[in-house]
file start01.tsv (TSV, C-alpha atoms)
chain	number	residue	atom	x	y	z
A	1	MET	CA	-13.62	6.16	7.46
A	2	GLN	CA	-14.55	2.58	6.67
A	3	GLU	CA	-14.21	1.59	10.32
A	4	ILE	CA	-16.13	4.66	11.56
A	5	LEU	CA	-19.04	4.12	9.17
A	6	SER	CA	-19.05	0.37	9.78
A	7	ASN	CA	-19.62	0.96	13.50
A	8	LEU	CA	-22.21	3.71	13.07
A	9	ILE	CA	-24.24	1.93	10.40
A	10	SER	CA	-24.18	-1.45	12.13
A	11	ASN	CA	-25.36	0.23	15.36
A	12	ALA	CA	-28.16	2.01	13.50
A	13	ILE	CA	-29.38	-1.28	12.07
A	14	LYS	CA	-28.90	-3.19	15.30
A	15	TYR	CA	-30.85	-0.74	17.46
A	16	THR	CA	-33.70	-0.08	15.01
A	17	PRO	CA	-36.71	-2.38	15.48
A	18	GLU	CA	-38.49	-3.96	12.54
A	19	GLY	CA	-40.46	-1.36	10.59
A	20	GLY	CA	-38.07	1.47	11.49
A	21	LYS	CA	-35.80	3.43	9.15
A	22	ASP	CA	-32.06	3.99	8.84
A	23	LEU	CA	-30.73	6.84	6.71
A	24	ILE	CA	-27.23	7.71	5.49
A	25	ASP	CA	-26.87	11.23	4.11
A	26	VAL	CA	-23.59	12.45	2.61
A	27	GLN	CA	-23.01	15.95	1.30
A	28	GLU	CA	-20.14	18.27	0.45
A	29	LEU	CA	-20.02	21.51	2.43
A	30	PRO	CA	-18.35	24.81	1.43
A	31	TYR	CA	-14.63	24.77	2.31
A	32	ASN	CA	-11.88	27.27	1.59
A	33	LYS	CA	-8.80	25.07	2.03
A	34	GLU	CA	-7.25	24.43	-1.36
A	35	GLY	CA	-6.92	20.79	-2.32
A	36	TYR	CA	-9.51	19.58	0.18
A	37	ALA	CA	-13.24	18.82	0.20
A	38	LEU	CA	-15.31	19.03	3.38
A	39	ILE	CA	-17.65	16.06	3.61
A	40	GLN	CA	-20.46	15.78	6.14
A	41	THR	CA	-21.94	12.34	6.79
A	42	LYS	CA	-25.08	11.77	8.84
A	43	VAL	CA	-26.17	8.34	10.04
A	44	SER	CA	-29.73	8.47	11.42
A	45	ASP	CA	-32.14	5.88	12.73
A	46	THR	CA	-35.61	5.67	14.23
A	47	GLY	CA	-34.46	3.15	16.81
A	48	ILE	CA	-34.46	2.92	20.59
A	49	GLY	CA	-32.41	6.10	21.06
A	50	MET	CA	-30.47	7.18	24.15
A	51	SER	CA	-31.31	9.17	27.26
A	52	GLU	CA	-29.94	12.68	27.79
A	53	GLU	CA	-28.17	11.44	30.93
A	54	PHE	CA	-26.29	8.73	29.01
A	55	LEU	CA	-24.99	10.88	26.12
A	56	PRO	CA	-21.96	12.39	27.99
A	57	SER	CA	-20.58	8.87	28.59
A	58	LEU	CA	-21.41	7.50	25.13
A	59	PHE	CA	-17.82	7.42	23.89
A	60	GLU	CA	-16.29	5.87	27.02
A	61	LEU	CA	-14.99	2.30	27.00
A	62	PHE	CA	-17.46	-0.50	27.76
A	63	THR	CA	-20.43	1.81	28.35
A	64	ARG	CA	-23.89	0.82	27.12
A	65	GLU	CA	-27.29	2.40	27.67
A	66	ARG	CA	-29.43	0.39	30.10
A	67	ASN	CA	-32.19	-0.14	27.53
A	68	THR	CA	-29.74	-1.96	25.22
A	69	THR	CA	-28.74	-4.44	27.90
A	70	LEU	CA	-32.32	-4.97	29.06
A	71	SER	CA	-33.37	-5.77	25.50
A	72	LYS	CA	-30.43	-8.23	25.31
A	73	ILE	CA	-29.04	-6.66	22.14
A	74	PRO	CA	-25.47	-8.02	21.88
A	75	GLY	CA	-22.52	-5.64	22.05
A	76	THR	CA	-19.18	-5.04	23.74
A	77	GLY	CA	-19.47	-1.32	24.45
A	78	LEU	CA	-16.30	-0.71	22.40
A	79	GLY	CA	-17.77	0.45	19.08
A	80	MET	CA	-18.40	4.09	19.94
A	81	ALA	CA	-15.08	4.41	21.76
A	82	ILE	CA	-13.37	3.21	18.57
A	83	VAL	CA	-15.33	5.74	16.50
A	84	LYS	CA	-14.36	8.62	18.80
A	85	ASN	CA	-10.72	7.53	18.86
A	86	LEU	CA	-10.53	7.46	15.05
A	87	VAL	CA	-12.33	10.80	14.66
A	88	ASP	CA	-9.98	12.41	17.20
A	89	PHE	CA	-7.00	10.88	15.40
A	90	MET	CA	-8.06	12.71	12.24
A	91	ASN	CA	-8.63	15.94	14.24
A	92	ASP	CA	-12.25	16.04	13.13
A	93	SER	CA	-15.65	16.27	14.79
A	94	ILE	CA	-18.58	14.03	15.61
A	95	GLU	CA	-21.92	15.25	16.96
A	96	VAL	CA	-24.75	13.20	18.43
A	97	GLU	CA	-28.46	13.94	18.72
A	98	SER	CA	-30.66	11.35	20.37
A	99	GLU	CA	-33.95	10.94	22.16
A	100	LEU	CA	-34.99	7.88	24.10
A	101	GLY	CA	-37.47	5.84	22.10
A	102	LYS	CA	-37.23	8.03	19.00
A	103	GLY	CA	-33.80	7.38	17.52
A	104	SER	CA	-30.35	8.88	17.04
A	105	THR	CA	-28.38	10.93	14.52
A	106	PHE	CA	-24.58	10.91	14.31
A	107	THR	CA	-22.96	13.67	12.26
A	108	ILE	CA	-19.31	13.43	11.18
A	109	THR	CA	-17.65	16.35	9.42
A	110	ILE	CA	-14.26	15.56	7.92
A	111	PRO	CA	-12.06	17.33	5.33
A	112	HIS	CA	-10.77	14.89	2.72
A	113	LYS	CA	-7.75	15.53	0.55
A	114	ILE	CA	-8.63	15.63	-3.14
A	115	ALA	CA	-6.61	13.12	-5.15
A	116	TYR	CA	-4.13	14.72	-7.51
A	117	LYS	CA	-4.06	13.84	-11.19
A	118	ASP	CA	-2.75	10.33	-11.91
A	119	TYR	CA	-2.96	9.46	-8.17
A	120	THR	CA	-4.87	6.26	-8.92
A	121	ASN	CA	-2.29	4.98	-11.39
A	122	ARG	CA	0.59	5.84	-9.07
A	123	ASN	CA	-1.16	4.14	-6.16
A	124	ILE	CA	-1.67	0.95	-8.19
A	125	GLU	CA	1.98	0.92	-9.23
A	126	SER	CA	3.09	1.42	-5.62
A	127	SER	CA	0.86	-1.34	-4.26
A	128	ASN	CA	2.00	-3.76	-6.95
A	129	GLU	CA	5.66	-3.34	-5.95
A	130	PHE	CA	5.04	-5.80	-3.11
A	131	ASP	CA	2.04	-7.81	-4.26
A	132	ILE	CA	1.27	-9.77	-1.10
A	133	ASP	CA	-2.03	-11.47	-0.36
A	134	PHE	CA	-2.71	-11.04	3.36
A	135	LYS	CA	-5.69	-13.40	3.41
A	136	GLY	CA	-5.24	-16.11	6.02
A	137	LYS	CA	-1.84	-14.87	7.22
A	138	ARG	CA	-1.59	-14.88	11.00
A	139	ILE	CA	-0.35	-12.01	13.17
A	140	LEU	CA	0.52	-12.11	16.86
A	141	LEU	CA	-0.25	-8.66	18.26
A	142	ALA	CA	1.39	-7.64	21.55
A	143	GLU	CA	-0.51	-4.56	22.77
A	144	ASP	CA	-1.62	-3.75	26.33
A	145	ASN	CA	-4.00	-0.89	25.48
A	146	GLU	CA	-7.37	-2.57	24.95
A	147	LEU	CA	-8.78	0.11	22.65
A	148	ASN	CA	-5.63	0.20	20.49
A	149	ALA	CA	-5.68	-3.60	20.31
A	150	GLU	CA	-9.35	-3.59	19.26
A	151	ILE	CA	-8.80	-0.99	16.53
A	152	THR	CA	-5.63	-2.64	15.21
A	153	THR	CA	-7.21	-6.11	15.25
A	154	THR	CA	-10.29	-4.87	13.39
A	155	ILE	CA	-8.32	-3.12	10.64
A	156	LEU	CA	-5.83	-5.98	10.23
A	157	SER	CA	-8.76	-8.40	9.98
A	158	GLU	CA	-10.24	-6.26	7.21
A	159	MET	CA	-6.90	-6.57	5.38
A	160	GLY	CA	-7.31	-10.36	5.55
A	161	PHE	CA	-5.13	-11.23	8.54
A	162	VAL	CA	-6.07	-13.59	11.35
A	163	VAL	CA	-5.03	-11.81	14.57
A	164	LYS	CA	-4.28	-13.11	18.07
A	165	ALA	CA	-3.78	-10.34	20.64
A	166	VAL	CA	-1.85	-10.64	23.91
A	167	GLU	CA	-1.41	-7.87	26.46
A	168	ASN	CA	2.20	-8.25	27.64
A	169	GLY	CA	5.64	-9.45	26.62
A	170	ILE	CA	5.62	-12.64	28.70
A	171	LEU	CA	2.40	-13.82	27.08
A	172	CYS	CA	3.87	-13.03	23.67
A	173	VAL	CA	6.99	-15.11	24.33
A	174	ASN	CA	4.90	-17.93	25.83
A	175	GLU	CA	2.68	-17.95	22.76
A	176	MET	CA	5.73	-18.40	20.55
A	177	LEU	CA	7.12	-21.10	22.85
A	178	HIS	CA	4.01	-23.23	23.05
A	179	GLN	CA	2.49	-22.88	19.59
A	180	PRO	CA	3.83	-25.01	16.73
A	181	ALA	CA	6.41	-23.45	14.40
A	182	ASN	CA	4.91	-21.34	11.58
A	183	THR	CA	1.69	-20.74	13.53
A	184	TYR	CA	2.28	-17.00	13.00
A	185	ASP	CA	3.65	-15.18	9.97
A	186	LEU	CA	4.55	-11.98	11.83
A	187	ILE	CA	4.55	-10.28	15.24
A	188	LEU	CA	3.45	-6.67	15.85
A	189	MET	CA	5.23	-5.73	19.07
A	190	ASP	CA	4.36	-2.68	21.14
A	191	ILE	CA	7.53	-1.50	22.86
A	192	GLN	CA	5.94	-0.30	26.12
A	193	ILE	CA	4.07	-3.48	27.10
A	194	PRO	CA	4.04	-4.53	30.78
A	195	ASN	CA	5.88	-7.38	32.58
A	196	MET	CA	8.42	-7.69	29.77
A	197	ASP	CA	8.90	-4.84	27.30
A	198	GLY	CA	8.98	-5.30	23.54
A	199	TYR	CA	12.78	-5.19	23.31
A	200	LYS	CA	13.24	-7.97	25.87
A	201	ALA	CA	10.42	-10.06	24.40
A	202	THR	CA	11.98	-9.78	20.94
A	203	ASP	CA	15.41	-10.74	22.31
A	204	CYS	CA	13.90	-13.85	23.93
A	205	ILE	CA	12.16	-14.85	20.71
A	206	ARG	CA	15.35	-14.37	18.68
A	207	HIS	CA	17.09	-16.87	20.99
A	208	LEU	CA	14.49	-19.63	20.62
A	209	LEU	CA	15.99	-22.93	19.48
A	210	GLN	CA	13.71	-23.48	16.48
A	211	PRO	CA	14.88	-21.26	13.58
A	212	GLU	CA	11.30	-20.97	12.22
A	213	LYS	CA	10.28	-19.32	15.50
A	214	ALA	CA	13.46	-17.36	16.16
A	215	ASN	CA	13.44	-15.76	12.71
A	216	ILE	CA	9.79	-14.68	12.61
A	217	PRO	CA	9.41	-11.08	11.32
A	218	ILE	CA	8.83	-8.66	14.21
A	219	ILE	CA	7.66	-5.07	13.70
A	220	ALA	CA	7.99	-2.58	16.56
A	221	MET	CA	5.18	-0.17	17.44
A	222	SER	CA	5.98	2.84	19.60
A	223	ALA	CA	4.97	6.44	20.29
A	224	ASN	CA	8.66	7.26	20.64
A	225	THR	CA	10.17	8.73	17.49
A	226	PHE	CA	13.71	9.21	18.78
A	227	GLU	CA	16.51	7.74	16.69
A	228	GLU	CA	17.95	5.88	19.69
A	229	ASP	CA	14.65	4.05	20.22
A	230	GLN	CA	14.61	2.87	16.63
A	231	LYS	CA	18.28	1.86	16.87
A	232	LYS	CA	17.52	-0.19	19.98
A	233	ALA	CA	14.73	-1.96	18.09
A	234	PHE	CA	17.05	-2.88	15.23
A	235	ASP	CA	19.79	-3.90	17.70
A	236	VAL	CA	17.50	-6.67	18.99
A	237	LYS	CA	16.82	-7.64	15.35
A	238	MET	CA	13.35	-6.21	14.89
A	239	ASN	CA	12.55	-5.94	11.19
A	240	ASP	CA	10.87	-2.54	11.09
A	241	TYR	CA	9.53	0.28	13.28
A	242	ILE	CA	6.06	1.89	13.15
A	243	THR	CA	5.29	5.04	15.12
A	244	LYS	CA	2.04	5.72	16.99
A	245	PRO	CA	-0.60	6.89	16.41
A	246	ILE	CA	-0.56	4.32	13.64
A	247	ASP	CA	-1.06	5.36	10.05
A	248	PHE	CA	-2.70	2.15	8.83
A	249	GLN	CA	-1.96	2.87	5.18
A	250	LYS	CA	1.75	3.09	6.01
A	251	MET	CA	1.44	0.00	8.18
A	252	GLU	CA	0.01	-1.92	5.23
A	253	GLU	CA	3.02	-0.96	3.10
A	254	VAL	CA	5.43	-2.00	5.87
A	255	LEU	CA	3.64	-5.34	6.24
A	256	LYS	CA	3.90	-5.93	2.49
A	257	GLN	CA	7.60	-5.12	2.48
A	258	VAL	CA	8.45	-7.28	5.48
A	259	LEU	CA	6.38	-10.28	4.37
A	260	SER	CA	7.78	-10.10	0.84
A	261	LYS	CA	11.31	-10.80	2.05
A	262	LYS	CA	12.35	-14.43	1.86
A	263	ASP	CA	14.84	-14.00	4.70
A	264	PRO	CA	13.06	-12.08	7.50
A	265	LEU	CA	16.33	-10.81	8.96
A	266	SER	CA	17.98	-9.79	5.69

call {"tool": "encode", "arguments": {"input": "start01.tsv", "output": "structure tokens"}}
result
Amino acid sequence: MQEILSNLISNAIKYTPEGGKDLIDVQELPYNKEGYALIQTKVSDTGIGMSEEFLPSLFELFTRERNTTLSKIPGTGLGMAIVKNLVDFMNDSIEVESELGKGSTFTITIPHKIAYKDYTNRNIESSNEFDIDFKGKRILLAEDNELNAEITTTILSEMGFVVKAVENGILCVNEMLHQPANTYDLILMDIQIPNMDGYKATDCIRHLLQPEKANIPIIAMSANTFEEDQKKAFDVKMNDYITKPIDFQKMEEVLKQVLSKKDPLS
């Protein structure tokens, strides 16, 4: 939710000229599923808006309305693709209304689980079990899917990490070879990366001559949930295994556990 709203609100501000208005409206809607609350969030602006022809391609990678590029407003064209990806991941809906020159309204409707009694205290106790400060710690991310890499980098950065992303196994191994020891605190390794898969890349890193490099914590990321895939990851001395689509709350706990160990391979 933080990432979704960050993109929508920053866009609203960015594309609204001086003297315009941005509005965030949040309300609870009727909902009959026990233990959940249905929350509708609207982010509206009186900015430059979008044409009817552009709206169907709004959530595609690297797409930007022509009026945004002509006005030289900076942007990568990734923000809305990230929003759509996260909304789809939560099996929820996003609607868009926009008119060129008059502004846009984005409406997100998402059911949120209501916290049970004492949840806050339990959550604090759980997070304190591995009290690790991520700020300034460096992660090498091996991920070939550009959208996944963008989302993961953004969320890890919000946790405090400094992230360097590479798109294949050879680049990952080369990065470890050529950077000084202890440049990175941890590697997040997608298994299905091109040129050299995550298993082979990990095996190469584990055989580097410098122990500080060879013993770096490595966490596997894969859409495969089969036991043999996880066993293969541990056979090449990966430290943990995260399944895709990534639950970033679980990832945070795994990162805390792995980084809290004095001996990465223990």

call {"tool": "residues_around", "arguments": {"input": "start01.tsv", "residues": "stretch 232-236 of chain A", "least_positions_apart": "3", "cutoff": "12 Å", "atoms": "only C-alpha atoms", "output": "JSON, numbers by chain"}}
result
{"A": [189, 190, 191, 197, 198, 199, 200, 201, 202, 203, 204, 205, 206, 207, 214, 215, 217, 218, 219, 220, 221, 222, 224, 225, 226, 227, 228, 229, 239, 240, 241, 242, 265, 266]}

call {"tool": "atom_distance", "arguments": {"input": "start01.tsv", "atom1": "atom CA of A:Ala81", "atom2": "atom CA of A:Glu52"}}
result
18.0 Å

call {"tool": "residues_around", "arguments": {"input": "start01.tsv", "residues": "A:Gly79", "least_positions_apart": "6", "cutoff": "12 Å", "atoms": "all atoms listed in the file", "output": "ChimeraX atom specification"}}
result
/A:3-12,58-64,85-86,147,150-151,154

call {"tool": "residues_around", "arguments": {"input": "start01.tsv", "residues": "A:Ala181", "least_positions_apart": "3", "cutoff": "12 Å", "atoms": "only C-alpha atoms", "output": "MDAnalysis selection string"}}
result
chainID A and resid 175:178 184:186 208:216

call {"tool": "residues_near_point", "arguments": {"input": "start01.tsv", "point": "(-25.8, 10.8, 21.0)", "cutoff": "7 Å", "atoms": "only C-alpha atoms", "output": "list in words"}}
result
Met50, Leu55, Leu58, Val96, Glu97, Ser98, Ser104, Thr105 and Phe106 of chain A

call {"tool": "atom_distance", "arguments": {"input": "start01.tsv", "atom1": "atom CA of A:Tyr15", "atom2": "atom CA of A:Thr152"}}
result
25.4 Å

call {"tool": "residues_around", "arguments": {"input": "start01.tsv", "residues": "A:Ser93", "least_positions_apart": "4", "cutoff": "8 Å", "atoms": "all atoms listed in the file", "output": "list in words"}}
result
Val87, Asp88, Ile108, Thr109 and Ile110 of chain A

call {"tool": "axis_aligned_box", "arguments": {"input": "start01.tsv", "around": "stretch 157-164 of chain A", "padding_each_side": "6 Å", "output": "JSON"}}
result
{"center_x": -7.3, "center_y": -9.9, "center_z": 11.7, "size_x": 18.0, "size_y": 19.3, "size_z": 24.7}

call {"tool": "atom_distance", "arguments": {"input": "start01.tsv", "atom1": "atom CA of A:Thr183", "atom2": "atom CA of A:Met238"}}
result
18.7 Å

call {"tool": "residues_around", "arguments": {"input": "start01.tsv", "residues": "A:Val162", "least_positions_apart": "2", "cutoff": "7 Å", "atoms": "only C-alpha atoms", "output": "PyMOL selection string"}}
result
chain A and resi 136-139+157+160+164

call {"tool": "closest_residue", "arguments": {"input": "start01.tsv", "among": "A:Lys135, A:His112, A:Lys33, A:Lys21", "to": "A:Met1", "atoms": "all atoms listed in the file"}}
result
A:His112
